[in-house]
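The structure appears below as C-alpha cells.
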Amino acid sequence: TPSHRAAPVSVMRRALANVTLAVLLIAPLSSVIASPAAAQIDGQIELIAQTRWIGPEPAVFDLRIRSTAEDQRLEIRIHAPVTTPAALQQAFANPPTKNVLSQFSITNLNEFTIGAGSIVSITVPDDEIGDVIRRAHGALPVVIDLTEDGEIVDTLITALLVADPTVRRQSIDLAFIADLQFPLAHLDDESISIDPNKIASTIEDFLAEVPHSTTVTFTPETLDAMAHPQIGDEETINRIMAAFESHAIFAAPWVDLDEEAWRAANENSLVLDYYALGQRQLESHLGRQATTIARLDPNTDARTLSLLRTAGVTGAVTSNERLSLNDVTQAASQPLHVLDDNGVAMPVVAPAEWLHQRLESDDLVLSTTQLMAEFALESTVIDEPRVYVLDLDVVNRAGLDALLGEMALDATYGFTTISELLSRSPARAANGTIIQGALLAEPSVAIIGASDLRLTEAVVDSYATMVAPAHAPVTPLRDLLLAAASSELDAEGRARYTSRVFDTIIAGITGFEVLDSSRITLASRSANVPISIRNAQPLPITVHFRVSSDKLQFPDGEQRQLVLEPGITELIIPVETAASGDARITVTLTSPDGRLDLTNGTVDIRSTAVSGLGLVITMIAFVILAMWWARTILRVRYQRSAATVAESEDMSKSEEKA
C-alpha cells in the first residue's frame, strides 16, 4: 500500500528524486559521512559513492585516497557474480581471487582526482567489459587494492548489481521498536518525582526522529503521575497523546514487572491485575488501547507465556539469546512459533542484532553499500517478504540514516509494524510444517517480600473501609503498593514502600479514645448510658462499634457501624439491668471489616434498681412473713386464752371445796 512504502520526510530529503531501477548512481559528495578512523590512517581507501545497479551507463566508483605516498596504484578486479547473500558476505569478508571477469589498473591517480581534494573518480571501461558484466546477473564482487611499490596498502571490497529481469524480487521491510519507559515517578515517601514538560518533550523529540511507525514500550505509571493535579496538566497529556498518534504501544503492566518471578511466587493474579490496570490507564489518559504484543523478559519461559496469554498477550518480541540458532535464522524472515506449557503456540520475533552490528561500521558508505547488495540478492532468493526488526535504542543512528537513505531509492524496500509482522505466516520447514521452537529462559530471581506486599494490601483495604470518600487518602497508598512491585526495586526498596504504607495507616488509625467517666448510677431497671469517644483524626472515620457486659443487656443491640466526626462524639446507649450492684460495659472500636483494632475502653455502672423477679420474690417473702406473723399472733392469743380459761376453772374448783 502507499502508506506501507512511504519513506519518512527526513529520509526523502536526502534521497535523489526521480531515480529509476535502471541506474542508481549515488553521487552527492556533500552527504558523505567521513570515518573518524579514516581521517587518521595513512594509506586507506574510503568509498564515497558508487553505481549500485548496472544500467546503460558505465559504472563509476568515487573513492577517497588517504595516503601521502607518490608511487600509488589502484588495482581493480571484477569477479564473476554470486547469487546468494551468504556467498556475497563471504566475498566481502575474504577478498576473492578466482573467477575474474575483468582486471585493470589506475597508475596516475592525479588524473582521476575530482577538484583539489583526494577524491578519485573511476569509471569502469564500459567499451571493454560492459557487455560481459551486464550478462552476469547477480552481485559482482569488486576488489580495489591500493598498492605502493608493489605492496598492497589497503583493500576495499564492494559489489555491482546486475538485475535478472526474469526473477521477481520480494520486498524487504524494516520494523522498529523503542523503549520509552521512565523511572518510577511514585516515590516511597508518597511524593511524585517527575517533570511533565521534560517527559513530554523527550517523547516528542524521540518519536519525531523515528523513520516510521514504531511500537514503543511505555509504562502507564508515568501517565498517572503526570495526571496528578499538583504535578501535571491536561496540556502535557495531550502532547503525549499527539506524539503517540501514529505509533503503537506494547501491552504493558502499570509498572515494569518481572512476570516470571511473580508467577514463581504464586502471584499470577498480581500480574493479571497490573496488565488490566495498565490498559485501563492508557484508555483513561490517552483514549487508546495498547497492542496485544509484549516485550519478553530474559527469564520468560513456557509457563510465563501461558500467564501472559491469560493477560491478553497474543504475540511477543524477544531477543536472539532466547532462541536457538536455527530458530533465529527462521525468525529473521517470518514469525517463529514458541510453545507455552499448555502446548499453545505464540508468534514471536526478534531484533536483527546482526544488522545492528553492521550499522556500527566506521565506514558507513561501504557498510550500507554492502548491505544493500546483500539485500538485493536476498530479495531474489526468498519466497515471501522479509522483515528485519531494529531496536531504536540500540541501533547506531548514523548508520541507520545511511541505510534508510539507500533504501529510499528502491521501491523494493519499505516499512511495516510489529503487529503486521506477527500476523504473517509462520516460519515453516522444508516439508511445509510450521516450525515450533522454545524459549531459552535465564534463571529467575525469586521475589522477596511478596507476602508482605499482600499483607499490606489487605491493611490498605481495611483502611479504605474507614475513610470516606475512600479514594482521597487511600489512592496515594494504593499507588505506593502498585509501585512496590516494580522490577526497578530490590527487596530492600520494596520494603521501604510497604513500610511507608504501614506507617501512614498506623498514623491514620491512632487518636481514638473512649473517654473516662465517673461511675454511673442507675436508679431504674432501664436507662440510657452516655459514652464519649474522641476522634483525633482530621477527617470523619467510619468504625465498627461494639459494647458488651456480663450483667447488662442492650435492647438496641451490641454492635453498630457509625461515623466519628473529628472531635468528641457523644453516644447514648440504652441498657437494662438484670440485678442491682456493680457492672461494667466494655467498648471496642475496630475498622468496619474488623481487621484493624482502633481502641477499647470501659464504663462502670452501679445499679440501685430492683428487677421484676426480685420484686416478686420480695413480695412473696413479705406474704410468707405476714402469714407467719399472723399464725404466730393467733397461736399466742390462743395459748393466752386457753391459759385464762384454765386459771378460771381452777379458781372455781377451789371455791367449791372451800
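Chain lettering (A, B, ...) mirrors the order of the C-alpha cells, residue numbering begins at 1 for each chain separately, and ligand numbering begins at 1 in order of display.
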
Item to complete: Fewer than 4 positions away in the same chain doesn't count, so skip those; otherwise give me all residues within 6 Å of stretch 423-430 of chain A, counting only C-alpha atoms, as a PyMOL selection string.
Response: chain A and resi 330+334-336+434-435

Can you write just those residues out, N, CA, C and O atoms, as a compact mmCIF listing (two decimals), in the first residue's frame?
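That gives us out34.txt:
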```
# COMPACT_ATOMS: atom_id res chain seq x y z
N GLN A 330 15.26 -18.67 11.21
CA GLN A 330 13.90 -18.68 10.69
C GLN A 330 13.15 -17.40 11.09
O GLN A 330 12.39 -16.85 10.31
N GLN A 334 10.23 -14.63 9.12
CA GLN A 334 8.82 -14.79 9.48
C GLN A 334 8.70 -15.02 10.98
O GLN A 334 9.67 -15.38 11.64
N PRO A 335 7.50 -14.83 11.52
CA PRO A 335 7.32 -15.09 12.95
C PRO A 335 7.63 -16.54 13.29
O PRO A 335 7.31 -17.45 12.52
N LEU A 336 8.24 -16.73 14.42
CA LEU A 336 8.54 -18.07 14.91
C LEU A 336 7.53 -18.42 16.00
O LEU A 336 7.23 -17.59 16.86
N ILE A 434 4.93 -26.17 10.18
CA ILE A 434 5.25 -24.97 10.95
C ILE A 434 6.35 -25.28 11.96
O ILE A 434 6.28 -26.28 12.68
N ILE A 435 7.35 -24.45 11.99
CA ILE A 435 8.44 -24.64 12.94
C ILE A 435 8.00 -24.12 14.31
O ILE A 435 7.56 -22.98 14.45
```

Item to complete: Within 12 Å of A:Thr310, counting only C-alpha atoms, which residues show up once you throw out same-chain ones fewer than 2 positions away? Write them as JSON, numbers by chain, please.
Response: {"A": [268, 269, 271, 272, 273, 275, 276, 292, 303, 304, 305, 306, 307, 308, 312, 313, 314, 340, 342, 344]}

Worksheet item: Which residues in stretch 317-398 of chain A does DSSP call strand (DSSP E or B)? List them as a list in words.
Response: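 Checking each residue of stretch 317-398 of chain A, the strand (DSSP E or B) ones are Val317, Leu336, His337, Val338, Leu339, Ala345, Met346, Pro347, Val348, Val349, Pro351, Arg386, Val387, Tyr388, Val389, Leu390 and Asp391 of chain A.
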
Would you write out, as JSON lines, a table of all residues in stretch 529-619 of chain A that have an atom no more than 12 Å from an atom of stretch 455-476 of chain A, listing for each the closest atom pair and the distance in Å to one decimal, considering only C-alpha atoms and ordering rows by chain and rising residue number?
```
{"residue": "A:Gln537", "atom": "CA", "partner": "A:Val467", "partner_atom": "CA", "distance": 10.6}
{"residue": "A:Pro538", "atom": "CA", "partner": "A:Val467", "partner_atom": "CA", "distance": 11.0}
{"residue": "A:Leu539", "atom": "CA", "partner": "A:Val467", "partner_atom": "CA", "distance": 7.8}
{"residue": "A:Pro540", "atom": "CA", "partner": "A:Val467", "partner_atom": "CA", "distance": 6.8}
{"residue": "A:Ile541", "atom": "CA", "partner": "A:Val467", "partner_atom": "CA", "distance": 5.3}
{"residue": "A:Thr542", "atom": "CA", "partner": "A:Met466", "partner_atom": "CA", "distance": 4.4}
{"residue": "A:Val543", "atom": "CA", "partner": "A:Met466", "partner_atom": "CA", "distance": 6.2}
{"residue": "A:His544", "atom": "CA", "partner": "A:Met466", "partner_atom": "CA", "distance": 9.1}
{"residue": "A:Gln561", "atom": "CA", "partner": "A:Met466", "partner_atom": "CA", "distance": 10.3}
{"residue": "A:Leu562", "atom": "CA", "partner": "A:Met466", "partner_atom": "CA", "distance": 10.0}
{"residue": "A:Val563", "atom": "CA", "partner": "A:Met466", "partner_atom": "CA", "distance": 8.6}
{"residue": "A:Leu564", "atom": "CA", "partner": "A:Met466", "partner_atom": "CA", "distance": 9.9}
{"residue": "A:Glu565", "atom": "CA", "partner": "A:Val467", "partner_atom": "CA", "distance": 11.0}
{"residue": "A:Leu589", "atom": "CA", "partner": "A:Met466", "partner_atom": "CA", "distance": 11.4}
{"residue": "A:Thr590", "atom": "CA", "partner": "A:Met466", "partner_atom": "CA", "distance": 9.3}
{"residue": "A:Ser591", "atom": "CA", "partner": "A:Met466", "partner_atom": "CA", "distance": 6.1}
{"residue": "A:Pro592", "atom": "CA", "partner": "A:Thr465", "partner_atom": "CA", "distance": 6.2}
{"residue": "A:Asp593", "atom": "CA", "partner": "A:Ser462", "partner_atom": "CA", "distance": 6.4}
{"residue": "A:Gly594", "atom": "CA", "partner": "A:Ser462", "partner_atom": "CA", "distance": 8.1}
{"residue": "A:Arg595", "atom": "CA", "partner": "A:Ser462", "partner_atom": "CA", "distance": 6.6}
{"residue": "A:Leu596", "atom": "CA", "partner": "A:Ser462", "partner_atom": "CA", "distance": 7.0}
{"residue": "A:Asp597", "atom": "CA", "partner": "A:Ser462", "partner_atom": "CA", "distance": 10.6}
{"residue": "A:Leu598", "atom": "CA", "partner": "A:Met466", "partner_atom": "CA", "distance": 10.8}
```

With N, CA and C atoms retained, write the just-selected residues as a CSV table (one decimal), in the first residue's frame.
```
chain,number,residue,atom,x,y,z
A,537,GLN,N,-8.3,12.3,64.6
A,537,GLN,CA,-8.0,12.4,63.2
A,537,GLN,C,-8.7,13.6,62.6
A,538,PRO,N,-8.1,14.2,61.5
A,538,PRO,CA,-8.7,15.4,61.0
A,538,PRO,C,-9.9,15.2,60.0
A,539,LEU,N,-10.3,13.9,59.9
A,539,LEU,CA,-11.4,13.6,59.0
A,539,LEU,C,-12.3,12.6,59.6
A,540,PRO,N,-13.5,12.5,59.1
A,540,PRO,CA,-14.5,11.6,59.6
A,540,PRO,C,-14.0,10.2,59.4
A,541,ILE,N,-14.2,9.3,60.4
A,541,ILE,CA,-13.8,7.9,60.3
A,541,ILE,C,-15.0,7.0,60.6
A,542,THR,N,-15.1,6.0,59.7
A,542,THR,CA,-16.2,5.0,59.9
A,542,THR,C,-15.6,3.9,60.7
A,543,VAL,N,-16.3,3.5,61.8
A,543,VAL,CA,-15.8,2.5,62.7
A,543,VAL,C,-16.9,1.5,62.9
A,544,HIS,N,-16.5,0.3,63.4
A,544,HIS,CA,-17.4,-0.7,64.0
A,544,HIS,C,-17.4,-0.6,65.5
A,561,GLN,N,-22.4,0.2,63.2
A,561,GLN,CA,-21.4,1.0,62.4
A,561,GLN,C,-21.8,2.4,62.4
A,562,LEU,N,-20.8,3.2,62.8
A,562,LEU,CA,-21.1,4.7,62.9
A,562,LEU,C,-19.9,5.5,62.4
A,563,VAL,N,-20.1,6.7,62.1
A,563,VAL,CA,-19.1,7.7,61.6
A,563,VAL,C,-18.8,8.6,62.7
A,564,LEU,N,-17.5,8.6,63.1
A,564,LEU,CA,-17.0,9.5,64.1
A,564,LEU,C,-16.4,10.8,63.5
A,565,GLU,N,-17.0,11.9,63.7
A,565,GLU,CA,-16.5,13.1,63.2
A,565,GLU,C,-15.3,13.5,64.1
A,589,LEU,N,-13.7,-0.5,69.5
A,589,LEU,CA,-13.7,0.1,68.2
A,589,LEU,C,-12.8,-0.6,67.2
A,590,THR,N,-13.2,-1.0,66.1
A,590,THR,CA,-12.4,-1.6,65.0
A,590,THR,C,-12.8,-1.0,63.7
A,591,SER,N,-12.0,-1.4,62.6
A,591,SER,CA,-12.4,-1.0,61.3
A,591,SER,C,-13.7,-1.7,60.9
A,592,PRO,N,-14.4,-1.3,60.0
A,592,PRO,CA,-15.7,-2.0,59.7
A,592,PRO,C,-15.6,-3.4,59.3
A,593,ASP,N,-14.4,-3.8,58.8
A,593,ASP,CA,-14.3,-5.3,58.5
A,593,ASP,C,-13.7,-6.0,59.7
A,594,GLY,N,-13.4,-5.3,60.8
A,594,GLY,CA,-12.9,-6.0,62.0
A,594,GLY,C,-11.4,-6.3,62.0
A,595,ARG,N,-10.7,-5.9,60.9
A,595,ARG,CA,-9.3,-6.3,60.9
A,595,ARG,C,-8.3,-5.4,61.6
A,596,LEU,N,-8.7,-4.1,61.8
A,596,LEU,CA,-7.9,-3.1,62.4
A,596,LEU,C,-8.5,-2.8,63.7
A,597,ASP,N,-7.8,-2.9,64.9
A,597,ASP,CA,-8.2,-2.5,66.2
A,597,ASP,C,-7.9,-1.1,66.4
A,598,LEU,N,-8.8,-0.3,66.8
A,598,LEU,CA,-8.6,1.1,67.0
A,598,LEU,C,-8.4,1.5,68.5
```

Discussion item. Could you pull out the alpha helix (DSSP H) residues of stretch 53-194 of chain A, going by DSSP on the backbone, and write them as a PyMOL selection string?
Written reply: chain A and resi 85-93+126-135

Worksheet item: Which residue out of A:Ile78, A:Ala411, A:Ile382, A:Ala93 has the minimum interatomic distance to A:Gln170 when only C-alpha atoms are used?
Response: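 That would be A:Ile382, the residue with the smallest distance to A:Gln170.
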
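Distances from A:Arg288, A:Arg64, A:His337, A:His356 to A:Ala302 were compared using only C-alpha atoms, and the smallest one belongs to A:His337.
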
Discussion item. So that I can check the surroundings of A:Thr107, please list as a list in words every protein, DNA and RNA residue that reaches within 9 Å of it, counting only C-alpha atoms and ignoring chain neighbours fewer than 2 positions away.
Written reply: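 Here the answer would be Asp71, Gln72, Arg73, Leu74, Glu75, Ser105, Leu109 and Asn110 of chain A.
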
Residue subset to file, keeping N, CA and C atoms, as a PDB file, in the first residue's frame:
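Okay, this is what ended up in part.pdb:
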```pdb
ATOM      1  N   ASP A  71      54.065   7.109  -5.227  1.00  0.00           N
ATOM      2  CA  ASP A  71      54.021   5.952  -6.111  1.00  0.00           C
ATOM      3  C   ASP A  71      52.848   5.057  -5.702  1.00  0.00           C
ATOM      4  N   GLN A  72      51.658   5.422  -6.181  1.00  0.00           N
ATOM      5  CA  GLN A  72      50.441   4.717  -5.800  1.00  0.00           C
ATOM      6  C   GLN A  72      49.742   4.163  -7.039  1.00  0.00           C
ATOM      7  N   ARG A  73      49.108   3.034  -6.836  1.00  0.00           N
ATOM      8  CA  ARG A  73      48.327   2.418  -7.905  1.00  0.00           C
ATOM      9  C   ARG A  73      47.033   1.876  -7.301  1.00  0.00           C
ATOM     10  N   LEU A  74      46.022   1.816  -8.134  1.00  0.00           N
ATOM     11  CA  LEU A  74      44.771   1.146  -7.793  1.00  0.00           C
ATOM     12  C   LEU A  74      44.612  -0.054  -8.715  1.00  0.00           C
ATOM     13  N   GLU A  75      44.490  -1.224  -8.124  1.00  0.00           N
ATOM     14  CA  GLU A  75      44.238  -2.436  -8.880  1.00  0.00           C
ATOM     15  C   GLU A  75      42.776  -2.815  -8.677  1.00  0.00           C
ATOM     16  N   SER A 105      44.130  -1.393 -14.050  1.00  0.00           N
ATOM     17  CA  SER A 105      44.893  -0.611 -13.078  1.00  0.00           C
ATOM     18  C   SER A 105      44.746   0.876 -13.365  1.00  0.00           C
ATOM     19  N   LEU A 109      46.944   8.456 -10.298  1.00  0.00           N
ATOM     20  CA  LEU A 109      45.699   8.815  -9.607  1.00  0.00           C
ATOM     21  C   LEU A 109      45.357  10.285  -9.761  1.00  0.00           C
ATOM     22  N   ASN A 110      46.378  11.130  -9.950  1.00  0.00           N
ATOM     23  CA  ASN A 110      46.109  12.562 -10.059  1.00  0.00           C
ATOM     24  C   ASN A 110      45.212  12.880 -11.250  1.00  0.00           C
TER      25      ASN A 110
END
```

What are the nearest atom pairs, with distances in Å to one decimal, for all residues of stretch 330-416 of chain A that come at most 9 Å from stretch 201-225 of chain A, using only C-alpha atoms, set out by chain and rising residue number as JSON lines?
```
{"residue": "A:Leu392", "atom": "CA", "partner": "A:Val210", "partner_atom": "CA", "distance": 7.8}
{"residue": "A:Asp401", "atom": "CA", "partner": "A:Pro211", "partner_atom": "CA", "distance": 8.7}
{"residue": "A:Leu404", "atom": "CA", "partner": "A:Pro211", "partner_atom": "CA", "distance": 8.2}
{"residue": "A:Phe415", "atom": "CA", "partner": "A:His212", "partner_atom": "CA", "distance": 6.9}
{"residue": "A:Thr416", "atom": "CA", "partner": "A:Ser213", "partner_atom": "CA", "distance": 7.6}
```

Item to complete: Mind checking which residues fall within 7 Å of A:Ser526, counting only C-alpha atoms, ignoring those fewer than 4 positions away in the same chain, and posting them as a PyMOL selection string?
Response: chain A and resi 575-577

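Proximity ranking of A:Ala200, A:Pro95, A:Ala248, A:Phe545 relative to A:Glu235 places A:Ala200 first, based on only C-alpha atoms.
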
Worksheet entry | Selection: 9 Å around A:Thr569, only C-alpha atoms, excl. self and same-chain fewer than 2 positions, as a list in words | Ile531, Ser532, Ile533, Arg534, Asn535, Leu564, Glu565, Pro566, Gly567 and Leu571 of chain A

Write a file of the just-selected residues containing all heavy atoms, as a PDB file, in the first residue's frame.
```pdb
ATOM      1  N   ILE A 531     -21.864   7.520  76.498  1.00  0.00           N
ATOM      2  CA  ILE A 531     -20.485   7.096  76.227  1.00  0.00           C
ATOM      3  C   ILE A 531     -19.852   8.133  75.310  1.00  0.00           C
ATOM      4  O   ILE A 531     -20.420   8.477  74.263  1.00  0.00           O
ATOM      5  CB  ILE A 531     -20.427   5.703  75.578  1.00  0.00           C
ATOM      6  CG1 ILE A 531     -20.966   4.649  76.544  1.00  0.00           C
ATOM      7  CG2 ILE A 531     -18.995   5.358  75.161  1.00  0.00           C
ATOM      8  CD1 ILE A 531     -20.973   3.243  75.964  1.00  0.00           C
ATOM      9  N   SER A 532     -18.671   8.613  75.658  1.00  0.00           N
ATOM     10  CA  SER A 532     -17.968   9.641  74.877  1.00  0.00           C
ATOM     11  C   SER A 532     -16.736   9.029  74.210  1.00  0.00           C
ATOM     12  O   SER A 532     -15.947   8.341  74.866  1.00  0.00           O
ATOM     13  CB  SER A 532     -17.545  10.805  75.777  1.00  0.00           C
ATOM     14  OG  SER A 532     -18.686  11.405  76.368  1.00  0.00           O
ATOM     15  N   ILE A 533     -16.582   9.311  72.899  1.00  0.00           N
ATOM     16  CA  ILE A 533     -15.449   8.788  72.129  1.00  0.00           C
ATOM     17  C   ILE A 533     -14.757   9.953  71.433  1.00  0.00           C
ATOM     18  O   ILE A 533     -15.409  10.787  70.796  1.00  0.00           O
ATOM     19  CB  ILE A 533     -15.906   7.756  71.085  1.00  0.00           C
ATOM     20  CG1 ILE A 533     -16.609   6.584  71.777  1.00  0.00           C
ATOM     21  CG2 ILE A 533     -14.722   7.248  70.262  1.00  0.00           C
ATOM     22  CD1 ILE A 533     -17.195   5.584  70.806  1.00  0.00           C
ATOM     23  N   ARG A 534     -13.425   9.990  71.532  1.00  0.00           N
ATOM     24  CA  ARG A 534     -12.663  11.050  70.889  1.00  0.00           C
ATOM     25  C   ARG A 534     -12.042  10.522  69.589  1.00  0.00           C
ATOM     26  O   ARG A 534     -11.434   9.457  69.555  1.00  0.00           O
ATOM     27  CB  ARG A 534     -11.560  11.562  71.795  1.00  0.00           C
ATOM     28  CG  ARG A 534     -10.645  12.588  71.076  1.00  0.00           C
ATOM     29  CD  ARG A 534      -9.509  13.084  71.928  1.00  0.00           C
ATOM     30  NE  ARG A 534      -9.979  13.996  72.952  1.00  0.00           N
ATOM     31  CZ  ARG A 534      -9.901  13.794  74.265  1.00  0.00           C
ATOM     32  NH1 ARG A 534      -9.374  12.661  74.700  1.00  0.00           N
ATOM     33  NH2 ARG A 534     -10.335  14.667  75.130  1.00  0.00           N
ATOM     34  N   ASN A 535     -12.193  11.309  68.495  1.00  0.00           N
ATOM     35  CA  ASN A 535     -11.529  11.057  67.208  1.00  0.00           C
ATOM     36  C   ASN A 535     -10.544  12.187  66.980  1.00  0.00           C
ATOM     37  O   ASN A 535     -10.933  13.311  66.655  1.00  0.00           O
ATOM     38  CB  ASN A 535     -12.554  10.976  66.071  1.00  0.00           C
ATOM     39  CG  ASN A 535     -11.902  10.925  64.696  1.00  0.00           C
ATOM     40  OD1 ASN A 535     -10.717  10.631  64.581  1.00  0.00           O
ATOM     41  ND2 ASN A 535     -12.668  11.233  63.657  1.00  0.00           N
ATOM     42  N   LEU A 564     -17.484   8.620  63.093  1.00  0.00           N
ATOM     43  CA  LEU A 564     -16.989   9.513  64.134  1.00  0.00           C
ATOM     44  C   LEU A 564     -16.423  10.762  63.488  1.00  0.00           C
ATOM     45  O   LEU A 564     -15.428  10.704  62.763  1.00  0.00           O
ATOM     46  CB  LEU A 564     -15.913   8.821  64.967  1.00  0.00           C
ATOM     47  CG  LEU A 564     -16.329   7.541  65.713  1.00  0.00           C
ATOM     48  CD1 LEU A 564     -15.129   6.974  66.457  1.00  0.00           C
ATOM     49  CD2 LEU A 564     -17.484   7.812  66.663  1.00  0.00           C
ATOM     50  N   GLU A 565     -17.048  11.876  63.725  1.00  0.00           N
ATOM     51  CA  GLU A 565     -16.532  13.142  63.235  1.00  0.00           C
ATOM     52  C   GLU A 565     -15.307  13.542  64.060  1.00  0.00           C
ATOM     53  O   GLU A 565     -15.122  13.066  65.184  1.00  0.00           O
ATOM     54  CB  GLU A 565     -17.612  14.229  63.327  1.00  0.00           C
ATOM     55  CG  GLU A 565     -18.834  13.975  62.474  1.00  0.00           C
ATOM     56  CD  GLU A 565     -18.524  14.075  60.989  1.00  0.00           C
ATOM     57  OE1 GLU A 565     -17.534  14.747  60.644  1.00  0.00           O
ATOM     58  OE2 GLU A 565     -19.269  13.478  60.192  1.00  0.00           O
ATOM     59  N   PRO A 566     -14.442  14.389  63.515  1.00  0.00           N
ATOM     60  CA  PRO A 566     -13.300  14.855  64.310  1.00  0.00           C
ATOM     61  C   PRO A 566     -13.774  15.489  65.608  1.00  0.00           C
ATOM     62  O   PRO A 566     -14.761  16.235  65.634  1.00  0.00           O
ATOM     63  CB  PRO A 566     -12.624  15.881  63.391  1.00  0.00           C
ATOM     64  CG  PRO A 566     -13.023  15.461  62.012  1.00  0.00           C
ATOM     65  CD  PRO A 566     -14.415  14.927  62.143  1.00  0.00           C
ATOM     66  N   GLY A 567     -13.105  15.202  66.694  1.00  0.00           N
ATOM     67  CA  GLY A 567     -13.513  15.721  67.993  1.00  0.00           C
ATOM     68  C   GLY A 567     -14.136  14.629  68.835  1.00  0.00           C
ATOM     69  O   GLY A 567     -13.803  13.449  68.726  1.00  0.00           O
ATOM     70  N   LEU A 571     -22.409   9.336  72.581  1.00  0.00           N
ATOM     71  CA  LEU A 571     -23.347   8.270  72.244  1.00  0.00           C
ATOM     72  C   LEU A 571     -24.229   7.967  73.453  1.00  0.00           C
ATOM     73  O   LEU A 571     -23.762   7.988  74.597  1.00  0.00           O
ATOM     74  CB  LEU A 571     -22.602   7.003  71.836  1.00  0.00           C
ATOM     75  CG  LEU A 571     -21.669   7.113  70.631  1.00  0.00           C
ATOM     76  CD1 LEU A 571     -20.944   5.791  70.417  1.00  0.00           C
ATOM     77  CD2 LEU A 571     -22.449   7.486  69.383  1.00  0.00           C
TER      78      LEU A 571
END
```

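Between atom CA of A:Ser361 and atom CA of A:Ile65 the separation is 18.4 Å.
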
Item to complete: Could you give me, as a PyMOL selection string, the residues within 7 Å of A:Pro574, counting only C-alpha atoms and dropping anything in the same chain fewer than 5 positions from it?
Response: chain A and resi 527-529+554-556

Could you turn the residues from that selection into a file that holds all heavy atoms, as a tab-separated table (two decimals), in the first residue's frame?
```
chain	number	residue	atom	x	y	z
A	527	ALA	N	-32.35	2.25	81.48
A	527	ALA	CA	-31.78	3.59	81.50
A	527	ALA	C	-30.92	3.79	80.25
A	527	ALA	O	-30.61	2.85	79.52
A	527	ALA	CB	-30.94	3.79	82.76
A	528	ASN	N	-30.53	5.04	79.97
A	528	ASN	CA	-29.63	5.41	78.87
A	528	ASN	C	-28.27	5.76	79.45
A	528	ASN	O	-28.17	6.62	80.34
A	528	ASN	CB	-30.19	6.59	78.09
A	528	ASN	CG	-31.44	6.23	77.33
A	528	ASN	OD1	-31.59	5.10	76.87
A	528	ASN	ND2	-32.36	7.18	77.21
A	529	VAL	N	-27.26	5.09	78.92
A	529	VAL	CA	-25.90	5.32	79.42
A	529	VAL	C	-25.13	6.16	78.40
A	529	VAL	O	-25.05	5.79	77.22
A	529	VAL	CB	-25.17	3.97	79.63
A	529	VAL	CG1	-23.71	4.22	80.03
A	529	VAL	CG2	-25.88	3.15	80.69
A	554	PHE	N	-28.48	-4.91	76.20
A	554	PHE	CA	-28.53	-3.76	75.31
A	554	PHE	C	-29.69	-3.95	74.33
A	554	PHE	O	-29.57	-4.72	73.36
A	554	PHE	CB	-27.21	-3.61	74.55
A	554	PHE	CG	-26.01	-3.49	75.47
A	554	PHE	CD1	-25.29	-4.61	75.84
A	554	PHE	CD2	-25.64	-2.25	75.98
A	554	PHE	CE1	-24.21	-4.52	76.69
A	554	PHE	CE2	-24.55	-2.15	76.83
A	554	PHE	CZ	-23.83	-3.28	77.19
A	555	PRO	N	-30.82	-3.32	74.60
A	555	PRO	CA	-32.02	-3.52	73.77
A	555	PRO	C	-31.80	-3.19	72.30
A	555	PRO	O	-32.40	-3.83	71.43
A	555	PRO	CB	-33.04	-2.57	74.40
A	555	PRO	CG	-32.55	-2.33	75.78
A	555	PRO	CD	-31.07	-2.40	75.71
A	556	ASP	N	-30.95	-2.23	71.97
A	556	ASP	CA	-30.71	-1.82	70.58
A	556	ASP	C	-29.60	-2.64	69.91
A	556	ASP	O	-29.19	-2.33	68.78
A	556	ASP	CB	-30.36	-0.33	70.50
A	556	ASP	CG	-31.56	0.54	70.85
A	556	ASP	OD1	-32.68	0.00	70.92
A	556	ASP	OD2	-31.36	1.74	71.06
```

Item to complete: Excluding A:Asp233 and residues on its chain fewer than 6 positions from it, collect all residues at most 9 Å away from it, counting only C-alpha atoms, and give them as a PyMOL selection string.
Response: chain A and resi 196+226-227

Item to complete: Check the smallest atom-to-atom distance from each of A:Ala495, A:Ala483, A:Leu355, A:Ile106 to A:Glu374 using only C-alpha atoms, then report the winner.
Response: A:Leu355

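Here atom CA of A:Ile194 is placed at a distance of 28.6 Å from atom CA of A:Pro298.
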